[in-house]
file run.json (JSON, C-alpha atoms)
[["chain", "number", "residue", "atom", "x", "y", "z"],
["A", 716, "MET", "CA", 34.87, -20.56, -12.66],
["A", 717, "ASN", "CA", 34.72, -18.66, -9.38],
["A", 718, "SER", "CA", 31.37, -18.45, -7.66],
["A", 719, "ASN", "CA", 29.59, -17.24, -4.56],
["A", 720, "THR", "CA", 26.89, -19.52, -3.16],
["A", 721, "PHE", "CA", 24.30, -18.39, -0.61],
["A", 722, "ARG", "CA", 21.72, -20.65, 1.05],
["A", 723, "MET", "CA", 18.63, -19.02, 2.47],
["A", 724, "PRO", "CA", 16.20, -21.48, 4.18],
["A", 725, "ALA", "CA", 12.68, -20.16, 3.88],
["A", 726, "ALA", "CA", 11.74, -21.42, 7.36],
["A", 727, "VAL", "CA", 14.50, -19.41, 9.00],
["A", 728, "LEU", "CA", 13.57, -16.28, 7.11],
["A", 729, "LEU", "CA", 9.91, -16.67, 7.98],
["A", 730, "ALA", "CA", 10.72, -17.27, 11.65],
["A", 731, "THR", "CA", 12.56, -13.96, 11.81],
["A", 732, "GLY", "CA", 9.70, -12.14, 10.14],
["A", 733, "ALA", "CA", 11.67, -11.46, 6.98],
["A", 734, "VAL", "CA", 8.80, -12.04, 4.59],
["A", 735, "VAL", "CA", 8.74, -8.64, 2.96],
["A", 736, "LEU", "CA", 10.84, -7.36, 0.10],
["A", 737, "LEU", "CA", 14.41, -6.86, 1.27],
["A", 738, "THR", "CA", 15.92, -4.39, -1.10],
["A", 739, "ALA", "CA", 19.37, -3.01, -0.46],
["A", 740, "PRO", "CA", 19.35, 0.79, -0.65],
["A", 741, "PRO", "CA", 21.00, 2.07, -3.81],
["A", 742, "ALA", "CA", 24.32, 3.80, -3.55],
["A", 743, "SER", "CA", 23.69, 7.47, -2.93],
["A", 744, "ALA", "CA", 25.72, 10.57, -2.26],
["A", 745, "THR", "CA", 25.27, 11.99, 1.21],
["A", 746, "GLY", "CA", 26.93, 14.83, 3.04],
["A", 747, "GLY", "CA", 29.50, 14.65, 5.81],
["A", 748, "THR", "CA", 33.12, 13.63, 6.07],
["A", 749, "PRO", "CA", 34.61, 10.40, 7.39],
["A", 750, "ALA", "CA", 36.38, 10.25, 10.73],
["A", 751, "GLY", "CA", 40.13, 9.84, 10.89],
["A", 752, "GLY", "CA", 40.89, 12.03, 7.92],
["A", 753, "GLU", "CA", 40.78, 9.23, 5.33],
["A", 754, "GLY", "CA", 38.20, 8.91, 2.59],
["A", 755, "THR", "CA", 35.86, 5.94, 2.13],
["A", 756, "SER", "CA", 34.80, 4.03, -0.97],
["A", 757, "GLY", "CA", 33.00, 0.87, -2.02],
["A", 758, "ALA", "CA", 31.84, -1.02, -5.08],
["A", 759, "VAL", "CA", 29.63, -3.95, -5.99],
["A", 760, "VAL", "CA", 29.21, -5.76, -9.32],
["A", 761, "LEU", "CA", 25.63, -6.99, -8.71],
["A", 762, "ARG", "CA", 23.08, -6.36, -5.98],
["A", 763, "THR", "CA", 19.69, -8.05, -5.81],
["A", 764, "GLY", "CA", 16.67, -7.26, -3.69],
["A", 765, "LEU", "CA", 13.97, -9.65, -4.90],
["A", 766, "ASP", "CA", 10.82, -11.18, -3.46],
["A", 767, "VAL", "CA", 10.12, -14.72, -4.70],
["A", 768, "GLY", "CA", 6.57, -16.02, -4.32],
["A", 769, "LEU", "CA", 6.01, -19.79, -4.27],
["A", 770, "LEU", "CA", 3.14, -21.69, -5.92],
["A", 771, "ASN", "CA", 2.62, -24.40, -3.33],
["A", 772, "LYS", "CA", 2.81, -22.05, -0.34],
["A", 773, "THR", "CA", 1.31, -18.69, 0.45],
["A", 774, "VAL", "CA", 4.74, -17.35, 1.38],
["A", 775, "HIS", "CA", 7.37, -15.15, -0.19],
["A", 776, "VAL", "CA", 11.09, -15.81, 0.02],
["A", 777, "PRO", "CA", 13.42, -12.79, -0.08],
["A", 778, "LEU", "CA", 16.40, -13.08, -2.37],
["A", 779, "LYS", "CA", 18.99, -10.57, -1.25],
["A", 780, "ALA", "CA", 22.48, -11.22, -2.57],
["A", 781, "THR", "CA", 25.57, -9.40, -3.81],
["A", 782, "LEU", "CA", 28.57, -10.25, -5.95],
["A", 783, "ASN", "CA", 32.02, -8.73, -5.40],
["A", 784, "GLU", "CA", 30.92, -6.17, -2.84],
["A", 785, "VAL", "CA", 34.03, -4.48, -1.40],
["A", 786, "SER", "CA", 34.95, -1.58, 0.87],
["A", 787, "ALA", "CA", 38.29, 0.16, 0.64],
["A", 788, "PRO", "CA", 40.91, -1.11, 0.54],
["A", 789, "ALA", "CA", 39.86, -4.25, -1.32],
["A", 790, "LYS", "CA", 39.24, -5.81, -4.71],
["A", 791, "ALA", "CA", 37.30, -8.83, -6.01],
["A", 792, "GLU", "CA", 37.20, -10.71, -9.29],
["A", 793, "LYS", "CA", 34.63, -13.51, -8.94],
["A", 794, "THR", "CA", 32.55, -14.07, -12.05],
["A", 795, "ALA", "CA", 29.54, -16.12, -10.89],
["A", 796, "LEU", "CA", 26.84, -15.99, -8.23],
["A", 797, "THR", "CA", 24.52, -18.85, -7.29],
["A", 798, "VAL", "CA", 21.88, -18.88, -4.56],
["A", 799, "THR", "CA", 19.95, -21.78, -3.09],
["A", 800, "LEU", "CA", 16.41, -21.13, -1.83],
["A", 801, "ASP", "CA", 14.34, -23.78, -0.08],
["A", 802, "GLY", "CA", 11.30, -24.73, -2.13],
["A", 803, "VAL", "CA", 12.59, -23.07, -5.30],
["A", 804, "GLU", "CA", 13.60, -25.09, -8.38],
["A", 805, "GLY", "CA", 13.68, -28.35, -6.41],
["A", 806, "ASN", "CA", 16.16, -26.89, -3.89],
["A", 807, "ARG", "CA", 18.79, -26.75, -6.60],
["A", 808, "PRO", "CA", 21.14, -23.74, -6.80],
["A", 809, "VAL", "CA", 19.77, -20.84, -8.81],
["A", 810, "SER", "CA", 22.34, -19.24, -11.10],
["A", 811, "VAL", "CA", 21.80, -15.51, -10.56],
["A", 812, "LEU", "CA", 24.80, -14.17, -12.52],
["A", 813, "ARG", "CA", 27.45, -15.54, -14.82],
["A", 814, "ALA", "CA", 29.95, -13.27, -16.56],
["A", 815, "ASP", "CA", 33.24, -13.38, -18.41],
["A", 816, "VAL", "CA", 34.51, -10.41, -16.39],
["A", 817, "ALA", "CA", 33.23, -9.23, -13.02],
["A", 818, "THR", "CA", 35.58, -7.03, -11.00],
["A", 819, "SER", "CA", 35.27, -4.45, -8.26],
["A", 820, "ARG", "CA", 37.95, -2.33, -6.62],
["A", 821, "ALA", "CA", 38.02, 0.31, -3.89],
["A", 822, "THR", "CA", 40.90, 2.38, -2.51],
["A", 823, "ALA", "CA", 41.08, 5.21, 0.01],
["A", 824, "ASP", "CA", 43.71, 7.25, 1.83],
["A", 825, "LYS", "CA", 44.12, 10.77, 3.18],
["A", 826, "THR", "CA", 44.28, 12.33, -0.29],
["A", 827, "LYS", "CA", 41.78, 10.40, -2.44],
["A", 828, "ALA", "CA", 39.03, 7.77, -2.32],
["A", 829, "GLU", "CA", 38.14, 5.85, -5.48],
["A", 830, "ALA", "CA", 35.91, 2.93, -6.45],
["A", 831, "GLU", "CA", 34.97, 1.15, -9.68],
["A", 832, "ALA", "CA", 32.97, -1.85, -10.85],
["A", 833, "ASN", "CA", 33.15, -3.62, -14.23],
["A", 834, "LEU", "CA", 30.99, -6.31, -15.76],
["A", 835, "ALA", "CA", 31.35, -7.88, -19.24],
["A", 836, "LYS", "CA", 29.48, -10.58, -21.14],
["A", 837, "ALA", "CA", 27.04, -11.02, -18.26],
["A", 838, "ARG", "CA", 23.77, -12.96, -17.98],
["A", 839, "VAL", "CA", 21.35, -12.44, -15.06],
["A", 840, "HIS", "CA", 18.72, -15.06, -14.15],
["A", 841, "VAL", "CA", 15.92, -15.14, -11.60],
["A", 842, "PRO", "CA", 14.19, -18.16, -10.01],
["A", 843, "GLY", "CA", 11.60, -19.78, -12.26],
["A", 844, "LEU", "CA", 13.35, -18.72, -15.48],
["A", 845, "PRO", "CA", 16.47, -20.89, -15.69],
["A", 846, "LEU", "CA", 16.62, -20.92, -19.50],
["A", 847, "LEU", "CA", 15.58, -17.34, -20.25],
["A", 848, "SER", "CA", 17.93, -14.59, -19.13],
["A", 849, "LEU", "CA", 16.33, -11.71, -17.32],
["A", 850, "ILE", "CA", 18.98, -9.47, -18.89],
["A", 851, "GLU", "CA", 22.17, -9.89, -20.89],
["A", 852, "VAL", "CA", 24.71, -7.07, -21.17],
["A", 853, "GLU", "CA", 27.88, -6.74, -23.19],
["A", 854, "LYS", "CA", 29.64, -4.33, -20.82],
["A", 855, "VAL", "CA", 28.71, -2.03, -17.95],
["A", 856, "THR", "CA", 31.03, 0.08, -15.82],
["A", 857, "SER", "CA", 30.80, 2.60, -13.01],
["A", 858, "LYS", "CA", 33.39, 4.76, -11.28],
["A", 859, "ALA", "CA", 33.45, 7.26, -8.42],
["A", 860, "VAL", "CA", 36.41, 9.47, -7.50],
["A", 861, "CYS", "CA", 36.55, 11.71, -4.41],
["A", 862, "GLU", "CA", 39.77, 13.71, -4.10],
["A", 863, "ALA", "CA", 40.48, 16.07, -1.22],
["A", 864, "GLY", "CA", 39.88, 19.69, -2.16],
["A", 865, "LYS", "CA", 38.22, 18.82, -5.49],
["A", 866, "LYS", "CA", 34.67, 18.23, -6.62],
["A", 867, "PRO", "CA", 33.82, 14.49, -6.60],
["A", 868, "VAL", "CA", 33.21, 12.83, -9.97],
["A", 869, "ALA", "CA", 30.90, 9.91, -10.82],
["A", 870, "SER", "CA", 30.43, 8.14, -14.15],
["A", 871, "ALA", "CA", 28.51, 5.13, -15.41],
["A", 872, "ASN", "CA", 28.35, 3.53, -18.84],
["A", 873, "VAL", "CA", 26.42, 0.79, -20.60],
["A", 874, "LEU", "CA", 28.33, -0.29, -23.70],
["A", 875, "GLY", "CA", 27.26, -2.60, -26.50],
["A", 876, "THR", "CA", 24.00, -4.48, -26.78],
["A", 877, "VAL", "CA", 21.45, -5.11, -24.03],
["A", 878, "THR", "CA", 18.86, -7.90, -24.14],
["A", 879, "ALA", "CA", 15.95, -8.19, -21.68],
["A", 880, "LEU", "CA", 13.71, -11.29, -21.57],
["A", 881, "GLY", "CA", 15.11, -12.32, -24.95],
["A", 882, "LYS", "CA", 14.42, -8.96, -26.63],
["A", 883, "LYS", "CA", 17.14, -6.57, -27.74],
["A", 884, "VAL", "CA", 16.45, -3.13, -26.30],
["A", 885, "THR", "CA", 17.66, 0.42, -26.82],
["A", 886, "LEU", "CA", 18.15, 2.28, -23.57],
["A", 887, "SER", "CA", 17.35, 5.97, -23.22],
["A", 888, "ALA", "CA", 18.76, 8.53, -20.80],
["A", 889, "GLY", "CA", 15.37, 10.26, -20.77],
["A", 890, "GLY", "CA", 13.68, 7.60, -18.64],
["A", 891, "PRO", "CA", 13.23, 3.87, -18.01],
["A", 892, "THR", "CA", 12.82, 1.41, -20.85],
["A", 893, "LYS", "CA", 10.11, -1.21, -20.33],
["A", 894, "VAL", "CA", 10.16, -4.70, -21.83],
["A", 895, "GLU", "CA", 7.07, -6.87, -21.49],
["A", 896, "VAL", "CA", 6.68, -10.50, -22.54],
["A", 897, "PRO", "CA", 3.18, -12.03, -22.38],
["A", 898, "GLY", "CA", 3.00, -14.96, -20.00],
["A", 899, "VAL", "CA", 6.37, -14.11, -18.49],
["A", 900, "GLY", "CA", 6.28, -10.60, -17.11],
["A", 901, "MET", "CA", 7.89, -7.19, -17.38],
["A", 902, "VAL", "CA", 11.30, -5.63, -16.79],
["A", 903, "SER", "CA", 11.90, -1.88, -16.49],
["A", 904, "LEU", "CA", 15.48, -0.80, -17.16],
["A", 905, "GLU", "CA", 16.90, 2.53, -16.00],
["A", 906, "LEU", "CA", 20.16, 3.74, -17.50],
["A", 907, "SER", "CA", 23.28, 5.16, -15.88],
["A", 908, "GLY", "CA", 22.38, 6.99, -12.68],
["A", 909, "THR", "CA", 24.97, 9.25, -11.00],
["A", 910, "GLU", "CA", 24.83, 11.60, -8.03],
["A", 911, "THR", "CA", 27.42, 13.94, -6.49],
["A", 912, "THR", "CA", 27.65, 16.39, -3.61],
["A", 913, "SER", "CA", 30.52, 18.55, -2.40],
["A", 914, "THR", "CA", 32.14, 15.55, -0.71],
["A", 915, "THR", "CA", 30.56, 12.38, -2.13],
["A", 916, "ALA", "CA", 29.89, 10.61, -5.42],
["A", 917, "ALA", "CA", 27.82, 7.57, -6.41],
["A", 918, "ALA", "CA", 27.13, 5.78, -9.68],
["A", 919, "ALA", "CA", 25.08, 2.79, -10.83],
["A", 920, "ALA", "CA", 25.39, 1.64, -14.43],
["A", 921, "LEU", "CA", 22.02, -0.10, -14.71],
["A", 922, "ARG", "CA", 18.94, -0.59, -12.51],
["A", 923, "LEU", "CA", 16.26, -3.15, -13.23],
["A", 924, "LYS", "CA", 12.78, -3.24, -11.74],
["A", 925, "VAL", "CA", 11.55, -6.79, -12.09],
["A", 926, "ALA", "CA", 7.97, -8.12, -12.15],
["A", 927, "VAL", "CA", 7.75, -11.60, -13.68],
["A", 928, "ASN", "CA", 5.33, -14.49, -13.15],
["A", 929, "PRO", "CA", 6.93, -17.58, -14.68],
["A", 930, "LEU", "CA", 4.49, -20.10, -13.09],
["A", 931, "ASN", "CA", 7.24, -22.70, -13.44],
["A", 932, "LEU", "CA", 9.48, -24.65, -11.07],
["A", 933, "ASN", "CA", 7.20, -23.77, -8.14],
["A", 934, "VAL", "CA", 7.75, -20.03, -8.67],
["A", 935, "ALA", "CA", 4.62, -17.92, -8.92],
["A", 936, "GLN", "CA", 6.18, -14.46, -9.15],
["A", 937, "VAL", "CA", 9.40, -12.51, -8.73],
["A", 938, "ASP", "CA", 9.36, -8.81, -7.84],
["A", 939, "GLY", "CA", 12.03, -6.34, -6.83],
["A", 940, "GLU", "CA", 15.18, -4.61, -8.04],
["A", 941, "ILE", "CA", 18.59, -5.55, -9.43],
["A", 942, "VAL", "CA", 21.53, -3.15, -9.70],
["A", 943, "LEU", "CA", 24.53, -3.73, -11.95],
["A", 944, "ALA", "CA", 27.94, -2.07, -11.44],
["A", 945, "GLU", "CA", 27.66, 0.25, -8.48],
["A", 946, "ALA", "CA", 30.40, 2.51, -7.00],
["A", 947, "HIS", "CA", 30.49, 5.22, -4.33],
["A", 948, "CYS", "CA", 33.05, 7.28, -2.42],
["A", 949, "GLU", "CA", 33.46, 10.03, 0.18],
["A", 950, "SER", "CA", 36.26, 12.60, 0.14],
["A", 951, "PRO", "CA", 39.07, 12.57, 2.70],
["A", 952, "LYS", "CA", 38.78, 15.09, 5.50],
["A", 953, "GLY", "CA", 42.20, 16.64, 4.86],
["A", 954, "SER", "CA", 42.98, 19.34, 2.32],
["A", 955, "ALA", "CA", 44.26, 18.63, -1.16],
["A", 956, "PRO", "CA", 48.00, 18.11, -1.58],
["A", 957, "THR", "CA", 49.77, 21.13, -3.00],
["A", 958, "THR", "CA", 52.81, 21.23, -5.23],
["A", 959, "LYS", "CA", 55.64, 23.12, -3.58],
["A", 960, "ALA", "CA", 56.97, 25.94, -5.74],
["A", 961, "PRO", "CA", 60.71, 25.83, -6.53],
["A", 962, "GLU", "CA", 62.79, 27.92, -4.18],
["A", 963, "GLN", "CA", 64.06, 31.21, -5.59],
["A", 964, "PRO", "CA", 67.72, 32.21, -5.07],
["A", 965, "ASP", "CA", 68.30, 34.63, -2.22],
["A", 966, "ILE", "CA", 69.51, 37.77, -4.03],
["A", 967, "LYS", "CA", 70.85, 40.54, -1.81],
["A", 968, "THR", "CA", 71.02, 44.14, -3.04],
["A", 969, "GLN", "CA", 74.55, 45.62, -3.18],
["A", 970, "THR", "CA", 75.09, 48.98, -1.47],
["A", 971, "GLY", "CA", 77.95, 50.33, -3.61],
["A", 972, "THR", "CA", 77.45, 53.48, -5.71],
["A", 973, "GLY", "CA", 79.57, 52.43, -8.66],
["A", 974, "THR", "CA", 77.81, 51.84, -12.02],
["A", 975, "GLY", "CA", 78.50, 50.25, -15.38],
["A", 976, "THR", "CA", 81.69, 48.38, -16.14],
["A", 977, "THR", "CA", 83.60, 50.02, -13.33],
["A", 978, "ALA", "CA", 81.26, 48.67, -10.66],
["A", 979, "GLY", "CA", 81.25, 45.17, -12.21],
["A", 980, "SER", "CA", 85.03, 45.03, -12.35],
["A", 981, "GLY", "CA", 85.34, 46.24, -8.81],
["A", 982, "THR", "CA", 82.91, 43.59, -7.57],
["A", 983, "THR", "CA", 84.75, 40.78, -9.35],
["A", 984, "ALA", "CA", 88.13, 41.76, -8.11],
["A", 985, "GLY", "CA", 87.04, 42.56, -4.59],
["A", 986, "SER", "CA", 85.79, 40.16, -1.97],
["A", 987, "GLY", "CA", 82.65, 39.92, 0.14],
["A", 988, "GLY", "CA", 79.57, 41.99, -0.57],
["A", 989, "SER", "CA", 80.11, 45.08, -2.67],
["A", 990, "GLY", "CA", 83.78, 44.80, -3.69],
["A", 991, "SER", "CA", 86.83, 47.05, -3.23],
["A", 992, "GLY", "CA", 86.55, 48.89, -6.56],
["A", 993, "THR", "CA", 83.13, 50.14, -5.69],
["A", 994, "THR", "CA", 84.30, 51.30, -2.28],
["A", 995, "ALA", "CA", 87.24, 53.20, -3.81],
["A", 996, "ASP", "CA", 84.94, 55.07, -6.21],
["A", 997, "ALA", "CA", 82.69, 55.93, -3.31],
["A", 998, "ASN", "CA", 85.61, 57.33, -1.30],
["A", 999, "LEU", "CA", 86.82, 59.37, -4.26],
["A", 1000, "ALA", "CA", 83.38, 60.83, -4.67],
["A", 1001, "GLU", "CA", 83.28, 61.84, -1.02],
["A", 1002, "THR", "CA", 86.63, 63.77, -1.27],
["A", 1003, "GLY", "CA", 85.89, 65.52, -4.53],
["A", 1004, "GLY", "CA", 88.06, 63.16, -6.61],
["A", 1005, "GLY", "CA", 86.97, 60.77, -9.25],
["A", 1006, "SER", "CA", 87.82, 59.22, -12.58],
["A", 1007, "LEU", "CA", 87.44, 62.63, -14.43],
["A", 1008, "THR", "CA", 89.61, 64.59, -12.05],
["A", 1009, "PRO", "CA", 92.95, 64.13, -14.01],
["A", 1010, "PHE", "CA", 91.32, 65.31, -17.26],
["A", 1011, "ILE", "CA", 89.79, 68.36, -15.65],
["A", 1012, "THR", "CA", 93.09, 69.26, -13.97],
["A", 1013, "GLY", "CA", 95.09, 68.82, -17.23],
["A", 1014, "GLY", "CA", 92.63, 70.95, -19.16],
["A", 1015, "ALA", "CA", 92.85, 73.73, -16.62],
["A", 1016, "LEU", "CA", 96.67, 73.77, -16.75],
["A", 1017, "THR", "CA", 96.60, 73.88, -20.54],
["A", 1018, "LEU", "CA", 94.25, 76.85, -20.56],
["A", 1019, "LEU", "CA", 96.38, 78.57, -17.96],
["A", 1020, "ALA", "CA", 99.52, 78.10, -20.09],
["A", 1021, "LEU", "CA", 97.82, 79.39, -23.21],
["A", 1022, "GLY", "CA", 96.54, 82.40, -21.34],
["A", 1023, "GLY", "CA", 99.99, 83.17, -19.98],
["A", 1024, "GLY", "CA", 101.56, 82.90, -23.45],
["A", 1025, "ALA", "CA", 98.99, 85.22, -24.96],
["A", 1026, "LEU", "CA", 99.55, 87.78, -22.23],
["A", 1027, "PHE", "CA", 103.31, 87.63, -22.79],
["A", 1028, "LEU", "CA", 102.96, 88.22, -26.55],
["A", 1029, "THR", "CA", 100.60, 91.12, -26.00],
["A", 1030, "ARG", "CA", 102.94, 92.88, -23.63],
["A", 1031, "ARG", "CA", 105.94, 92.31, -25.96],
["A", 1032, "GLY", "CA", 104.08, 93.88, -28.86],
["A", 1033, "ARG", "CA", 103.29, 96.99, -26.85],
["A", 1034, "THR", "CA", 106.97, 97.38, -25.83],
["A", 1035, "GLN", "CA", 108.17, 97.30, -29.40]]
call {"tool": "encode", "arguments": {"input": "run.json", "output": "structure tokens"}}
result
Amino acid sequence: MNSNTFRMPAAVLLATGAVVLLTAPPASATGGTPAGGEGTSGAVVLRTGLDVGLLNKTVHVPLKATLNEVSAPAKAEKTALTVTLDGVEGNRPVSVLRADVATSRATADKTKAEAEANLAKARVHVPGLPLLSLIEVEKVTSKAVCEAGKKPVASANVLGTVTALGKKVTLSAGGPTKVEVPGVGMVSLELSGTETTSTTAAAAALRLKVAVNPLNLNVAQVDGEIVLAEAHCESPKGSAPTTKAPEQPDIKTQTGTGTGTTAGSGTTAGSGGSGSGTTADANLAETGGGSLTPFITGGALTLLALGGGALFLTRRGRTQ
């Protein structure tokens, strides 16, 4: 099984003045655009910001750790996180998270930035409670998508059963769910938080506020926050890609005056532009000729002949 192991000597932390609660700020959506035109994104499977108080010393040891934290372009698939703290549990490694699936992925380019985190069959522990899980989840996911020219989208889901301090709980979107166990402490669970602006998106599937006092293994109390499945992104600076419309054929208007079948035939037979047939009709029209001219001329001659014949018969009748 893959694992991350962090060692945090209490003496070093105290020497640097790091004796207060070190909580990593939750992913949040903020304005602005990244430099260089590309978007940005990041994801983390688990983030802890805990303060561990010791029984035999009047000191507090900060427990700040992450699992599978990535920034684009990157991905991670480790499924376990252990941390060693001096003076805690006999200096043995503390198993903070074990899961069947724990993945994070982040990508970004000039058109889109995207991040997601997934966690399945996961068990979270804190120092002083090695046998009792702080929380067990069946599946949690978060996703953030920031595409150029579009409104960013963030989503977070908690699927299946959730157990806190050994008690099965029903989470509500209306507010945090509190679980309290006498002699152990309290856990407050907040469901599926998302935030978006015009250029950014952030999501966290589950947030836990922890306040336990196990009084075991030299641990007096544990306070702080744990975040499961966190993702965030910021849109690229460039505009959204557009789909180029298909080019239309270049249709030129013909200048001939011919119409109907005559014009079509002339265009087919002719060459280049408007065709010889159309030009001939145009020339005939300019000189007074045309396709009806022979019929008109024939009709006039016929009428003239008939008129002459009638005149001849009339004059003959008068003579007789």
call {"tool": "atom_distance", "arguments": {"input": "run.json", "atom1": "atom CA of Gln936 of chain A", "atom2": "atom CA of Leu844 of chain A"}}
result
10.5 Å
call {"tool": "closest_residue", "arguments": {"input": "run.json", "among": "A:Gly900, A:Gly908, A:Gly890, A:Gly754", "to": "Ser870 of chain A", "atoms": "all atoms listed in the file"}}
result
A:Gly908
call {"tool": "atom_distance", "arguments": {"input": "run.json", "atom1": "atom CA of Ala837 of chain A", "atom2": "atom CA of Arg813 of chain A"}}
result
5.7 Å
call {"tool": "residues_around", "arguments": {"input": "run.json", "residues": "segment 852-862 of chain A", "least_positions_apart": "5", "cutoff": "7 Å", "atoms": "all atoms listed in the file", "output": "PDB file with C-alpha atoms, in the coordinates of the input"}}
result
ATOM      1  CA  THR A 826      44.280  12.330  -0.290  1.00  0.00           C
ATOM      2  CA  LYS A 827      41.780  10.400  -2.440  1.00  0.00           C
ATOM      3  CA  ALA A 828      39.030   7.770  -2.320  1.00  0.00           C
ATOM      4  CA  GLU A 829      38.140   5.850  -5.480  1.00  0.00           C
ATOM      5  CA  ALA A 830      35.910   2.930  -6.450  1.00  0.00           C
ATOM      6  CA  GLU A 831      34.970   1.150  -9.680  1.00  0.00           C
ATOM      7  CA  ALA A 832      32.970  -1.850 -10.850  1.00  0.00           C
ATOM      8  CA  ASN A 833      33.150  -3.620 -14.230  1.00  0.00           C
ATOM      9  CA  LEU A 834      30.990  -6.310 -15.760  1.00  0.00           C
ATOM     10  CA  ALA A 835      31.350  -7.880 -19.240  1.00  0.00           C
ATOM     11  CA  LYS A 836      29.480 -10.580 -21.140  1.00  0.00           C
ATOM     12  CA  ALA A 837      27.040 -11.020 -18.260  1.00  0.00           C
ATOM     13  CA  ARG A 838      23.770 -12.960 -17.980  1.00  0.00           C
ATOM     14  CA  PRO A 867      33.820  14.490  -6.600  1.00  0.00           C
ATOM     15  CA  VAL A 868      33.210  12.830  -9.970  1.00  0.00           C
ATOM     16  CA  ALA A 869      30.900   9.910 -10.820  1.00  0.00           C
ATOM     17  CA  SER A 870      30.430   8.140 -14.150  1.00  0.00           C
ATOM     18  CA  ALA A 871      28.510   5.130 -15.410  1.00  0.00           C
ATOM     19  CA  ASN A 872      28.350   3.530 -18.840  1.00  0.00           C
ATOM     20  CA  VAL A 873      26.420   0.790 -20.600  1.00  0.00           C
ATOM     21  CA  LEU A 874      28.330  -0.290 -23.700  1.00  0.00           C
ATOM     22  CA  GLY A 875      27.260  -2.600 -26.500  1.00  0.00           C
ATOM     23  CA  THR A 876      24.000  -4.480 -26.780  1.00  0.00           C
ATOM     24  CA  VAL A 877      21.450  -5.110 -24.030  1.00  0.00           C
ATOM     25  CA  THR A 878      18.860  -7.900 -24.140  1.00  0.00           C
ATOM     26  CA  THR A 914      32.140  15.550  -0.710  1.00  0.00           C
ATOM     27  CA  THR A 915      30.560  12.380  -2.130  1.00  0.00           C
ATOM     28  CA  ALA A 916      29.890  10.610  -5.420  1.00  0.00           C
ATOM     29  CA  ALA A 917      27.820   7.570  -6.410  1.00  0.00           C
ATOM     30  CA  ALA A 918      27.130   5.780  -9.680  1.00  0.00           C
ATOM     31  CA  ALA A 919      25.080   2.790 -10.830  1.00  0.00           C
ATOM     32  CA  ALA A 920      25.390   1.640 -14.430  1.00  0.00           C
ATOM     33  CA  ALA A 944      27.940  -2.070 -11.440  1.00  0.00           C
ATOM     34  CA  GLU A 945      27.660   0.250  -8.480  1.00  0.00           C
ATOM     35  CA  ALA A 946      30.400   2.510  -7.000  1.00  0.00           C
ATOM     36  CA  HIS A 947      30.490   5.220  -4.330  1.00  0.00           C
ATOM     37  CA  CYS A 948      33.050   7.280  -2.420  1.00  0.00           C
ATOM     38  CA  GLU A 949      33.460  10.030   0.180  1.00  0.00           C
ATOM     39  CA  SER A 950      36.260  12.600   0.140  1.00  0.00           C
ATOM     40  CA  PRO A 951      39.070  12.570   2.700  1.00  0.00           C
TER      41      PRO A 951
END
call {"tool": "atom_distance", "arguments": {"input": "run.json", "atom1": "atom CA of Ala935 of chain A", "atom2": "atom CA of Thr885 of chain A"}}
result
28.8 Å
call {"tool": "residues_around", "arguments": {"input": "run.json", "residues": "Asn771 of chain A", "least_positions_apart": "6", "cutoff": "12 Å", "atoms": "only C-alpha atoms", "output": "PDB file with C-alpha atoms, in the coordinates of the input"}}
result
ATOM      1  CA  GLY A 802      11.300 -24.730  -2.130  1.00  0.00           C
ATOM      2  CA  VAL A 803      12.590 -23.070  -5.300  1.00  0.00           C
ATOM      3  CA  LEU A 930       4.490 -20.100 -13.090  1.00  0.00           C
ATOM      4  CA  ASN A 931       7.240 -22.700 -13.440  1.00  0.00           C
ATOM      5  CA  LEU A 932       9.480 -24.650 -11.070  1.00  0.00           C
ATOM      6  CA  ASN A 933       7.200 -23.770  -8.140  1.00  0.00           C
ATOM      7  CA  VAL A 934       7.750 -20.030  -8.670  1.00  0.00           C
ATOM      8  CA  ALA A 935       4.620 -17.920  -8.920  1.00  0.00           C
TER       9      ALA A 935
END
call {"tool": "closest_residue", "arguments": {"input": "run.json", "among": "A:Leu921, A:Ala787, A:Lys866, A:Met901", "to": "Ala888 of chain A", "atoms": "only C-alpha atoms"}}
result
A:Leu921
call {"tool": "closest_residue", "arguments": {"input": "run.json", "among": "A:Asp938, A:Glu895, A:Asp815, A:Glu792", "to": "Ala758 of chain A", "atoms": "all atoms listed in the file"}}
result
A:Glu792
call {"tool": "closest_residue", "arguments": {"input": "run.json", "among": "A:Leu886, A:Ala823, A:Leu765, A:Val774", "to": "Ser786 of chain A", "atoms": "only C-alpha atoms"}}
result
A:Ala823
call {"tool": "axis_aligned_box", "arguments": {"input": "run.json", "around": "segment 899-907 of chain A", "padding_each_side": "4 Å", "output": "JSON"}}
result
{"center_x": 14.8, "center_y": -4.5, "center_z": -17.2, "size_x": 25.0, "size_y": 27.3, "size_z": 10.6}
